[in-house]
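Structure data follow from query05.cif (mmCIF, C-alpha atoms):
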data_final
#
loop_
_atom_site.label_atom_id
_atom_site.label_comp_id
_atom_site.auth_asym_id
_atom_site.auth_seq_id
_atom_site.Cartn_x
_atom_site.Cartn_y
_atom_site.Cartn_z
CA MET A 26 -5.17 4.37 22.61
CA LEU A 27 -1.57 3.43 23.25
CA SER A 28 1.31 5.79 22.64
CA ARG A 29 4.20 4.50 20.56
CA ARG A 30 6.28 4.08 23.71
CA ALA A 31 3.49 2.22 25.51
CA PHE A 32 2.85 0.10 22.44
CA LEU A 33 6.46 -1.05 22.34
CA ALA A 34 6.49 -1.60 26.11
CA THR A 35 3.48 -3.92 26.00
CA LEU A 36 4.54 -6.21 23.17
CA THR A 37 4.22 -9.89 24.06
CA LEU A 38 4.41 -13.22 22.32
CA ALA A 39 0.71 -13.94 22.84
CA PRO A 40 -0.46 -12.56 19.47
CA LEU A 41 2.25 -14.60 17.78
CA ALA A 42 1.10 -17.79 19.45
CA ARG A 43 -2.51 -17.08 18.45
CA ALA A 44 -1.41 -16.43 14.89
CA ALA A 45 0.45 -19.72 14.73
CA ALA A 46 -2.56 -21.59 16.07
CA GLY A 47 -4.93 -19.97 13.59
CA PHE A 48 -2.65 -20.61 10.63
CA ALA A 49 -2.12 -24.24 11.59
CA ALA A 50 -5.87 -24.76 11.69
CA GLY A 51 -6.10 -23.36 8.17
CA ARG A 52 -8.76 -20.85 9.24
CA LEU A 53 -7.60 -17.39 10.17
CA LEU A 54 -11.22 -16.68 11.08
CA ASP A 55 -10.42 -18.58 14.28
CA PHE A 56 -8.42 -15.72 15.76
CA PRO A 57 -10.00 -14.38 18.97
CA LYS A 58 -12.66 -11.74 18.29
CA ALA A 59 -10.62 -9.14 20.17
CA ASP A 60 -7.92 -9.36 17.48
CA PHE A 61 -10.28 -8.05 14.78
CA ALA A 62 -10.85 -4.39 14.02
CA LYS A 63 -14.41 -3.15 13.55
CA PHE A 64 -13.40 -2.37 9.96
CA SER A 65 -12.97 -6.09 9.28
CA LYS A 66 -16.61 -6.81 10.07
CA HIS A 67 -17.92 -4.63 7.23
CA LEU A 68 -16.30 -6.20 4.17
CA LYS A 69 -18.46 -7.83 1.50
CA PRO A 70 -16.52 -9.48 -1.37
CA VAL A 71 -17.29 -8.14 -4.84
CA GLY A 72 -14.67 -10.21 -6.67
CA ARG A 73 -11.79 -9.90 -9.07
CA LEU A 74 -11.60 -6.94 -11.46
CA LEU A 75 -9.00 -5.75 -13.95
CA GLU A 76 -7.95 -9.20 -15.08
CA GLN A 77 -5.81 -8.39 -18.10
CA GLU A 78 -4.40 -11.01 -20.41
CA GLY A 79 -0.63 -10.78 -20.72
CA TYR A 80 -0.19 -8.66 -17.57
CA TYR A 81 0.21 -8.77 -13.83
CA VAL A 82 -2.04 -6.08 -12.29
CA TRP A 83 -1.16 -4.58 -8.90
CA CYS A 84 -1.52 -1.42 -6.75
CA ASN A 85 -5.12 -0.44 -7.61
CA SER A 86 -5.82 3.14 -6.48
CA PRO A 87 -9.41 4.30 -7.17
CA ILE A 88 -11.01 7.75 -7.28
CA TYR A 89 -14.36 9.19 -8.38
CA GLY A 90 -14.17 11.48 -11.38
CA PRO A 91 -16.23 14.66 -11.83
CA ASP A 92 -18.67 12.65 -13.97
CA GLY A 93 -19.30 10.13 -11.18
CA ARG A 94 -17.38 7.33 -12.89
CA VAL A 95 -14.62 5.47 -11.08
CA HIS A 96 -11.04 5.80 -12.31
CA VAL A 97 -8.46 3.28 -11.13
CA PHE A 98 -4.75 3.97 -11.43
CA TYR A 99 -2.88 0.69 -11.29
CA SER A 100 0.47 -0.97 -11.86
CA ARG A 101 0.91 -3.50 -14.62
CA TRP A 102 3.84 -5.33 -16.20
CA PRO A 103 4.23 -8.09 -18.82
CA ALA A 104 3.30 -11.58 -17.65
CA ALA A 105 6.46 -12.88 -19.32
CA LYS A 106 8.50 -11.05 -16.66
CA GLY A 107 6.95 -13.06 -13.81
CA MET A 108 5.94 -11.63 -10.47
CA GLY A 109 9.31 -9.91 -10.04
CA GLY A 110 8.71 -7.73 -13.11
CA TRP A 111 7.24 -4.95 -10.94
CA LEU A 112 10.74 -3.83 -10.03
CA ASN A 113 12.16 -3.36 -13.51
CA SER A 114 9.34 -3.43 -16.10
CA CYS A 115 6.26 -1.80 -14.59
CA GLU A 116 4.06 1.02 -15.87
CA ILE A 117 1.09 2.85 -14.36
CA ALA A 118 -2.18 2.68 -16.29
CA ARG A 119 -5.70 4.06 -15.89
CA ALA A 120 -8.99 2.20 -16.26
CA VAL A 121 -12.58 3.48 -15.92
CA ALA A 122 -15.93 1.97 -14.91
CA ASP A 123 -19.42 3.35 -14.41
CA THR A 124 -19.57 1.82 -10.91
CA PRO A 125 -16.98 0.67 -8.35
CA GLU A 126 -17.92 -2.93 -9.13
CA GLY A 127 -16.87 -2.64 -12.76
CA PRO A 128 -16.29 -3.74 -15.39
CA PHE A 129 -13.21 -1.55 -15.74
CA VAL A 130 -11.92 -0.69 -19.21
CA TYR A 131 -8.28 0.22 -19.86
CA GLN A 132 -7.90 3.80 -21.07
CA GLU A 133 -4.22 4.59 -21.28
CA THR A 134 -0.74 4.18 -19.88
CA VAL A 135 -0.23 7.19 -17.62
CA LEU A 136 3.41 6.80 -16.59
CA ALA A 137 5.98 4.50 -18.17
CA PRO A 138 9.70 4.06 -17.42
CA ARG A 139 11.65 6.85 -19.12
CA GLY A 140 14.91 5.03 -19.80
CA PRO A 141 18.58 5.76 -18.98
CA GLY A 142 19.38 8.99 -17.20
CA PHE A 143 16.10 9.36 -15.32
CA TRP A 144 15.34 8.54 -11.68
CA ASP A 145 12.33 6.51 -12.89
CA ALA A 146 14.22 4.92 -15.77
CA THR A 147 13.28 1.27 -15.23
CA THR A 148 9.92 1.15 -13.44
CA CYS A 149 6.87 3.17 -12.36
CA HIS A 150 4.93 1.51 -9.55
CA ASN A 151 2.90 2.12 -6.34
CA PRO A 152 0.33 4.60 -7.74
CA HIS A 153 -1.70 6.48 -5.14
CA ILE A 154 -4.19 9.01 -6.55
CA GLN A 155 -5.77 11.92 -4.66
CA LEU A 156 -7.44 15.24 -5.40
CA VAL A 157 -5.48 17.86 -3.46
CA ASP A 158 -6.09 21.62 -3.66
CA GLY A 159 -8.09 21.16 -6.87
CA LYS A 160 -5.26 19.24 -8.54
CA TYR A 161 -5.00 15.51 -9.22
CA CYS A 162 -1.92 14.14 -7.50
CA LEU A 163 -0.45 10.79 -8.49
CA PHE A 164 2.14 9.66 -5.96
CA PHE A 165 4.27 6.79 -7.24
CA MET A 166 7.60 5.00 -6.97
CA GLY A 167 10.30 4.77 -9.64
CA THR A 168 13.68 3.06 -9.95
CA SER A 169 16.70 4.02 -12.02
CA ASN A 170 18.46 0.64 -12.12
CA GLY A 171 15.74 -1.97 -11.62
CA LYS A 172 16.91 -2.65 -8.07
CA THR A 173 15.51 -1.80 -4.64
CA ASN A 174 18.28 0.64 -3.71
CA THR A 175 17.05 3.23 -6.23
CA LYS A 176 13.35 3.13 -5.29
CA ARG A 177 12.22 6.74 -4.90
CA ILE A 178 8.83 8.38 -4.36
CA GLY A 179 7.70 10.92 -6.94
CA LEU A 180 4.62 13.09 -7.58
CA ALA A 181 2.96 13.63 -10.97
CA THR A 182 0.16 16.20 -11.23
CA ALA A 183 -2.66 17.04 -13.65
CA ASP A 184 -5.74 19.26 -13.85
CA HIS A 185 -7.80 16.36 -15.15
CA LEU A 186 -7.79 12.61 -14.55
CA GLU A 187 -7.26 12.17 -18.30
CA GLY A 188 -4.07 14.26 -18.06
CA PRO A 189 -1.79 15.60 -19.34
CA TRP A 190 0.45 14.72 -16.40
CA THR A 191 3.44 16.78 -15.34
CA ARG A 192 6.24 14.34 -14.62
CA PRO A 193 8.74 15.33 -11.90
CA ASP A 194 12.39 15.74 -12.86
CA GLN A 195 13.45 14.82 -9.34
CA PRO A 196 12.02 12.47 -6.68
CA LEU A 197 9.78 13.94 -4.01
CA LEU A 198 11.64 12.25 -1.14
CA LEU A 199 15.15 10.83 -0.85
CA PRO A 200 16.53 8.16 1.51
CA GLY A 201 18.36 9.02 4.71
CA GLU A 202 22.09 9.31 5.16
CA THR A 203 24.20 6.14 5.17
CA GLY A 204 23.53 4.20 8.35
CA ALA A 205 20.08 5.68 8.95
CA TRP A 206 17.07 3.38 9.33
CA ASP A 207 15.82 4.65 5.95
CA ASP A 208 19.05 4.83 3.95
CA HIS A 209 17.99 2.20 1.39
CA CYS A 210 15.06 3.78 -0.45
CA THR A 211 11.73 5.62 -0.27
CA THR A 212 8.67 3.74 -1.49
CA ASN A 213 4.99 2.75 -0.87
CA PRO A 214 3.66 6.33 -0.45
CA ALA A 215 0.61 7.22 1.63
CA PHE A 216 -0.60 10.82 1.87
CA VAL A 217 -2.94 13.08 3.84
CA LYS A 218 -3.38 16.84 3.97
CA HIS A 219 -3.65 17.69 7.66
CA GLU A 220 -4.29 21.13 9.13
CA GLY A 221 -2.91 22.87 6.06
CA LYS A 222 0.24 20.75 5.95
CA TYR A 223 1.12 17.96 3.51
CA TRP A 224 1.94 14.64 5.18
CA LEU A 225 3.76 11.95 3.25
CA TYR A 226 4.19 8.49 4.78
CA TYR A 227 6.85 6.26 3.26
CA LYS A 228 8.40 2.83 3.63
CA SER A 229 12.12 2.19 3.90
CA TRP A 230 14.76 0.06 5.60
CA ASN A 231 18.46 0.01 6.40
CA THR A 232 20.88 -1.13 3.70
CA GLN A 233 23.34 -2.84 6.03
CA ASP A 234 20.54 -4.85 7.64
CA TYR A 235 19.33 -5.77 4.16
CA VAL A 236 22.75 -6.86 2.91
CA THR A 237 23.70 -8.88 5.99
CA SER A 238 20.25 -10.34 6.74
CA LYS A 239 20.08 -14.07 7.38
CA ASP A 240 16.30 -14.21 7.21
CA PRO A 241 15.46 -16.93 4.67
CA VAL A 242 12.23 -15.21 3.56
CA ILE A 243 12.47 -11.40 3.79
CA ARG A 244 15.73 -9.48 4.02
CA GLY A 245 15.95 -6.29 6.08
CA ASN A 246 13.18 -4.85 8.23
CA ARG A 247 10.61 -2.56 6.63
CA LYS A 248 9.38 0.37 8.68
CA TYR A 249 7.37 3.53 8.00
CA GLY A 250 8.42 7.14 8.32
CA LEU A 251 6.67 10.49 7.96
CA ALA A 252 7.75 13.63 6.11
CA ILE A 253 5.84 16.94 6.26
CA ALA A 254 5.82 19.93 3.89
CA ASP A 255 4.32 23.41 3.84
CA ARG A 256 3.64 23.07 0.11
CA LEU A 257 2.41 20.11 -1.92
CA GLU A 258 5.54 20.05 -4.07
CA GLY A 259 7.80 20.14 -1.01
CA PRO A 260 10.38 20.25 0.35
CA TYR A 261 9.30 17.40 2.66
CA VAL A 262 11.05 17.38 6.03
CA LYS A 263 11.32 14.06 7.84
CA TYR A 264 9.74 13.86 11.28
CA ALA A 265 12.37 13.72 14.04
CA GLY A 266 10.58 10.82 15.74
CA ASN A 267 10.83 8.48 12.72
CA PRO A 268 10.18 5.69 12.18
CA VAL A 269 6.57 6.16 13.27
CA ILE A 270 5.80 2.46 12.76
CA ASP A 271 8.45 -0.08 13.71
CA PHE A 272 7.59 -3.71 14.44
CA SER A 273 11.19 -4.92 14.70
CA ARG A 274 10.96 -5.23 18.49
CA LEU A 275 8.30 -7.90 18.06
CA GLY A 276 11.11 -10.26 17.06
CA ASN A 277 11.39 -12.79 14.24
CA ASN A 278 11.90 -9.96 11.71
CA LYS A 279 8.31 -8.77 11.87
CA GLN A 280 7.83 -5.72 9.73
CA PHE A 281 5.37 -3.49 7.91
CA GLU A 282 4.41 -2.30 4.41
CA ASP A 283 1.64 -1.13 2.05
CA ALA A 284 0.18 1.59 4.26
CA TYR A 285 -2.96 3.52 3.30
CA VAL A 286 -3.77 6.46 5.62
CA TRP A 287 -6.92 8.57 5.95
CA GLU A 288 -8.57 10.90 8.46
CA GLN A 289 -12.09 10.38 9.72
CA GLN A 290 -13.99 11.58 12.80
CA GLY A 291 -10.97 13.33 14.26
CA LYS A 292 -8.61 10.35 14.02
CA PHE A 293 -6.01 8.99 11.65
CA HIS A 294 -6.75 5.49 10.35
CA LEU A 295 -4.36 3.13 8.61
CA LEU A 296 -4.63 -0.08 6.59
CA ALA A 297 -1.61 -2.19 5.71
CA ARG A 298 -0.42 -5.66 4.83
CA ASP A 299 0.74 -7.73 7.77
CA MET A 300 4.30 -8.98 7.58
CA GLY A 301 4.21 -11.30 10.56
CA VAL A 302 2.45 -9.63 13.49
CA TYR A 303 -0.48 -12.05 13.10
CA SER A 304 0.14 -13.76 9.76
CA GLN A 305 1.59 -12.91 6.36
CA GLU A 306 -1.89 -13.60 4.95
CA VAL A 307 -3.89 -10.86 6.69
CA GLY A 308 -4.15 -7.09 6.72
CA LEU A 309 -3.67 -4.68 9.62
CA TYR A 310 -5.70 -1.76 10.96
CA LEU A 311 -4.25 0.95 13.23
CA GLU A 312 -5.50 4.25 14.63
CA SER A 313 -3.81 7.42 15.85
CA LYS A 314 -4.83 10.71 17.43
CA ASP A 315 -1.94 12.63 15.90
CA GLY A 316 -0.70 10.53 12.95
CA LYS A 317 2.58 9.82 14.71
CA GLU A 318 1.82 7.49 17.62
CA TRP A 319 -0.23 4.49 16.54
CA THR A 320 -2.25 1.84 18.37
CA TYR A 321 -1.31 -1.82 18.48
CA PRO A 322 -2.54 -3.30 15.18
CA LYS A 323 -5.69 -5.35 14.77
CA ILE A 324 -6.72 -7.56 11.86
CA ALA A 325 -8.29 -5.57 9.01
CA PHE A 326 -8.93 -8.27 6.41
CA LEU A 327 -8.34 -11.98 5.84
CA PRO A 328 -7.14 -14.16 2.94
CA LEU A 329 -9.68 -14.65 0.17
CA ARG A 330 -10.50 -18.24 1.17
CA ASP A 331 -11.95 -17.03 4.47
CA TYR A 332 -14.58 -15.04 2.57
CA GLY A 333 -15.77 -18.15 0.79
CA VAL A 334 -13.93 -17.22 -2.41
CA GLN A 335 -13.41 -20.39 -4.44
CA GLU A 336 -10.33 -20.40 -6.64
CA PRO A 337 -8.32 -23.15 -8.34
CA PRO A 338 -5.10 -24.45 -6.77
CA ALA A 339 -2.14 -22.10 -6.93
CA PRO A 340 0.44 -22.67 -9.66
CA PRO A 341 4.04 -23.02 -8.42
CA LYS A 342 5.01 -19.60 -9.85
CA LEU A 343 2.64 -17.74 -7.48
CA LYS A 344 4.08 -17.85 -3.97
CA ARG A 345 1.64 -15.36 -2.39
CA TYR A 346 -1.54 -16.78 -3.86
CA GLY A 347 -4.83 -16.03 -2.13
CA ARG A 348 -3.83 -13.09 0.03
CA LEU A 349 -4.64 -9.39 -0.38
CA GLU A 350 -1.90 -6.77 -0.68
CA ARG A 351 -1.58 -3.01 -1.37
CA PRO A 352 -4.94 -1.99 0.20
CA GLN A 353 -6.38 1.23 -1.23
CA LEU A 354 -9.76 2.80 -0.50
CA LEU A 355 -12.38 4.38 -2.71
CA MET A 356 -13.70 7.28 -0.67
CA ARG A 357 -17.11 8.92 -0.96
CA ASN A 358 -17.78 12.07 1.07
CA SER A 359 -14.57 11.41 3.01
CA LYS A 360 -15.72 7.94 4.09
CA PRO A 361 -14.44 4.54 2.88
CA GLU A 362 -16.88 2.95 0.41
CA TYR A 363 -14.86 0.16 -1.27
CA LEU A 364 -11.58 -1.61 -0.52
CA PHE A 365 -9.38 -2.31 -3.54
CA GLY A 366 -6.51 -4.75 -3.15
CA ALA A 367 -4.11 -6.74 -5.30
CA SER A 368 -4.11 -10.52 -5.32
CA GLN A 369 -2.18 -13.13 -7.26
CA GLY A 370 -4.25 -15.50 -9.41
CA GLY A 371 -7.34 -14.79 -11.46
CA LYS A 372 -8.37 -15.81 -14.94
CA TYR A 373 -4.85 -15.67 -16.36
CA MET A 374 -3.02 -16.89 -13.22
CA THR A 375 -1.03 -13.67 -12.92
CA ALA A 376 -2.51 -11.01 -10.60
CA SER A 377 -5.51 -8.71 -10.57
CA SER A 378 -7.44 -6.37 -8.33
CA PHE A 379 -9.85 -7.82 -5.78
CA VAL A 380 -12.60 -5.55 -4.47
CA PHE A 381 -14.72 -5.47 -1.30
CA LYS A 382 -17.72 -3.27 -0.63
CA ILE A 383 -17.58 -1.66 2.82
CA THR A 384 -21.03 -2.07 4.32
#
Mind turning this structure into structure tokens?
Amino acid sequence: MLSRRAFLATLTLAPLARAAAGFAAGRLLDFPKADFAKFSKHLKPVGRLLEQEGYYVWCNSPIYGPDGRVHVFYSRWPAAKGMGGWLNSCEIARAVADTPEGPFVYQETVLAPRGPGFWDATTCHNPHIQLVDGKYCLFFMGTSNGKTNTKRIGLATADHLEGPWTRPDQPLLLPGETGAWDDHCTTNPAFVKHEGKYWLYYKSWNTQDYVTSKDPVIRGNRKYGLAIADRLEGPYVKYAGNPVIDFSRLGNNKQFEDAYVWEQQGKFHLLARDMGVYSQEVGLYLESKDGKEWTYPKIAFLPLRDYGVQEPPAPPKLKRYGRLERPQLLMRNSKPEYLFGASQGGKYMTASSFVFKIT
């Protein structure tokens, strides 16, 4: 396992050349076998779930309830707002099914934007549900102005999955000081409780890089940091070695988002969406001994077409059609059982969840 320093020291252009070759051939399955994580070999497509007329559905975070049913906390926003509505018109809802393979039935809106004067005034997004210390914890992101510079991570809690939920008056984690790598926002939370401490992973980037970026596709460079607390409710103190994941030295504005972190068999494991290491269409898998220094990423999952999923041609409004984003796991006995992702398309040509069974 490579340390962070060794990882950065061994970066080459070879993976980038392989990615370009695979993409040009139209089959990302053609990557060399060594580029694939073992995780990737155990995914069996279930299909699309939570297709809701009139809505885009995103960020599907599942958990087993005490009754054995599966509860999914997910983002949704009106289809009339288009794909960009997640930033200024999103709410977090809950749906329930008897099995992980559905069908899921909408139950309620859990968190909705609160309006002027609140830190989550204009959107509630990025739900991540966990049972921690006997309490249900819903990590999420809110904005106060419908723009990226007010994205903040918050934590709502409840004794039951059906609520009621205690909404935080203040965000759980704030951006860094002006000029810091993370001065723009805090978003895309991932969480583990490790050795009695509470570990919060978060995405951010630098405002100046974002404002002055000349990248025609993605402005700024998204990285991941870590903040640790002695208590669930904080305060969370940022790790001095942040960012713990930084792909900027790969060149060509390669970056990182949508992390999901868990511990298993004495290691930290991480799933994420690739933003250019191999291809924008695949997912990444990383490991770590300590949760701070991570291995070079391997491919975790592929676009839907490479699993034999047949879907109609993409409409012009959907620019990321056919790929999986925001990976979240349904855990059973502390082991991954199903992979839930978000994918544009579906019955209503908006977005829905797409689920894989982990065999």
Within 9 Å of Met166 in chain A using all atoms listed in the file, minus same-chain residues under 6 positions, as a PyMOL selection string: chain A and resi 145+148-152+176-180+196+211-214
Selection result of the PyMOL selection byres ((chain A and resi 103) around 8) on this file, as a VMD selection string: chain A and resid 79 to 81 101 to 102 104 to 107 110 114 to 115
Using only C-alpha atoms: which of A:Glu362, A:Asp315, A:Asp283, A:Asp207 has the shortest distance to Glu126 in chain A: A:Glu362
Determine the residue membership of the PyMOL selection byres ((chain A and resi 259-265) around 9) for the file above and supply it as a compact mmCIF listing (two decimals) with C-alpha atoms, keeping the file's coordinate frame.
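What ended up in result_28.txt:
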# COMPACT_ATOMS: atom_id res chain seq x y z
CA LEU A 197 9.78 13.94 -4.01
CA LEU A 198 11.64 12.25 -1.14
CA TYR A 223 1.12 17.96 3.51
CA TRP A 224 1.94 14.64 5.18
CA LEU A 225 3.76 11.95 3.25
CA GLY A 250 8.42 7.14 8.32
CA LEU A 251 6.67 10.49 7.96
CA ALA A 252 7.75 13.63 6.11
CA ILE A 253 5.84 16.94 6.26
CA ALA A 254 5.82 19.93 3.89
CA ASP A 255 4.32 23.41 3.84
CA ARG A 256 3.64 23.07 0.11
CA LEU A 257 2.41 20.11 -1.92
CA GLU A 258 5.54 20.05 -4.07
CA GLY A 266 10.58 10.82 15.74
CA ASN A 267 10.83 8.48 12.72
CA PRO A 268 10.18 5.69 12.18
CA VAL A 269 6.57 6.16 13.27
CA LYS A 317 2.58 9.82 14.71
Enumerate, as a short mmCIF file (atom, residue, chain, number, x, y, z; two decimals) with C-alpha atoms, in the frame of the given file, the protein, DNA and RNA residues whose atoms approach (6.1, 4.1, -20.3) to within 9 Å, taking into account all atoms listed in the file and the coordinate frame of the file.
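What follows is the written file result.cif:
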data_model
loop_
_atom_site.label_atom_id
_atom_site.label_comp_id
_atom_site.auth_asym_id
_atom_site.auth_seq_id
_atom_site.Cartn_x
_atom_site.Cartn_y
_atom_site.Cartn_z
CA CYS A 115 6.26 -1.80 -14.59
CA GLU A 116 4.06 1.02 -15.87
CA ILE A 117 1.09 2.85 -14.36
CA THR A 134 -0.74 4.18 -19.88
CA VAL A 135 -0.23 7.19 -17.62
CA LEU A 136 3.41 6.80 -16.59
CA ALA A 137 5.98 4.50 -18.17
CA PRO A 138 9.70 4.06 -17.42
CA ARG A 139 11.65 6.85 -19.12
CA GLY A 140 14.91 5.03 -19.80
CA THR A 148 9.92 1.15 -13.44
CA CYS A 149 6.87 3.17 -12.36
#
All residues 12 Å or closer to Ala205 in chain A, only C-alpha atoms, same chain fewer than 3 positions away omitted, as a list in words: Pro200, Gly201, Glu202, Asp208, His209, Cys210, Ser229, Trp230, Asn231, Thr232, Gln233, Asp234, Lys248, Gly250, Asn267 and Pro268 of chain A
Selection under test: the PyMOL selection byres ((chain A and resi 183) around 10); residues as a list of chain:residue names: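 When the PyMOL selection byres ((chain A and resi 183) around 10) is applied to the shown file, the picked residues are A:Leu156, A:Gly159, A:Lys160, A:Tyr161, A:Cys162, A:Leu163, A:Ala181, A:Thr182, A:Asp184, A:His185, A:Leu186, A:Glu187, A:Gly188, A:Pro189, A:Trp190, A:Thr191, A:Arg192.
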Contact residues around Val380 in chain A with only C-alpha atoms at 6 Å, ignoring same-chain residues under 6 positions, as a list of chain:residue names: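 Near neighbours after the sequence-gap exclusion: A:Val71, A:Gly72, A:Leu364, A:Phe365.
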Please, could you write that set of residues out with C-alpha atoms as a compact mmCIF listing (two decimals), keeping the file's coordinate frame?
# COMPACT_ATOMS: atom_id res chain seq x y z
CA VAL A 71 -17.29 -8.14 -4.84
CA GLY A 72 -14.67 -10.21 -6.67
CA LEU A 364 -11.58 -1.61 -0.52
CA PHE A 365 -9.38 -2.31 -3.54
Gap from CA of Tyr346 in chain A to CA of Cys84 in chain A - Å, one decimal: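 For CA of Tyr346 in chain A relative to CA of Cys84 in chain A, the distance reads 15.6 Å.
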Distance in Å - CA of Arg330 in chain A versus CA of Pro57 in chain A: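 We find that CA of Arg330 in chain A and CA of Pro57 in chain A lie 18.2 Å from each other.
Counting from CA of Gly301 in chain A, the distance to CA of Asn277 in chain A is 8.2 Å.
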Nearest candidate to Arg73 in chain A (options A:Ser359, A:Asn85, A:Ser273, A:Thr237; using all atoms listed in the file): A:Asn85
Option closest in space to Tyr99 in chain A, from A:Leu75, A:Val242, A:Leu112, A:Ala284 [counting all atoms listed in the file]: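 For Tyr99 in chain A, the nearest of the candidates is A:Leu75.
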Output, as JSON, the centre and edge lengths in Å (one decimal) of the axis-aligned box that contains all listed atoms of range 233-251 of chain A with 6 Å of margin on each side.
{"center_x": 15.2, "center_y": -3.2, "center_z": 5.8, "size_x": 29.0, "size_y": 39.4, "size_z": 17.8}
Non-local contacts of Lys372 in chain A (10 Å; all atoms listed in the file; under 4 positions in same chain excluded) as an NGL selection string: :A and (73 or 76-78 or 336-337 or 376-377)
Val95 in chain A environment, 9 Å, only C-alpha atoms, sequence neighbours closer than 6 positions dropped, as a PDB file with C-alpha atoms, keeping the file's coordinate frame:
ATOM      1  CA  PRO A  87      -9.410   4.300  -7.170  1.00  0.00           C
ATOM      2  CA  ILE A  88     -11.010   7.750  -7.280  1.00  0.00           C
ATOM      3  CA  TYR A  89     -14.360   9.190  -8.380  1.00  0.00           C
ATOM      4  CA  ALA A 120      -8.990   2.200 -16.260  1.00  0.00           C
ATOM      5  CA  VAL A 121     -12.580   3.480 -15.920  1.00  0.00           C
ATOM      6  CA  ALA A 122     -15.930   1.970 -14.910  1.00  0.00           C
ATOM      7  CA  ASP A 123     -19.420   3.350 -14.410  1.00  0.00           C
ATOM      8  CA  THR A 124     -19.570   1.820 -10.910  1.00  0.00           C
ATOM      9  CA  PRO A 125     -16.980   0.670  -8.350  1.00  0.00           C
ATOM     10  CA  GLY A 127     -16.870  -2.640 -12.760  1.00  0.00           C
ATOM     11  CA  PHE A 129     -13.210  -1.550 -15.740  1.00  0.00           C
ATOM     12  CA  LEU A 355     -12.380   4.380  -2.710  1.00  0.00           C
TER      13      LEU A 355
END
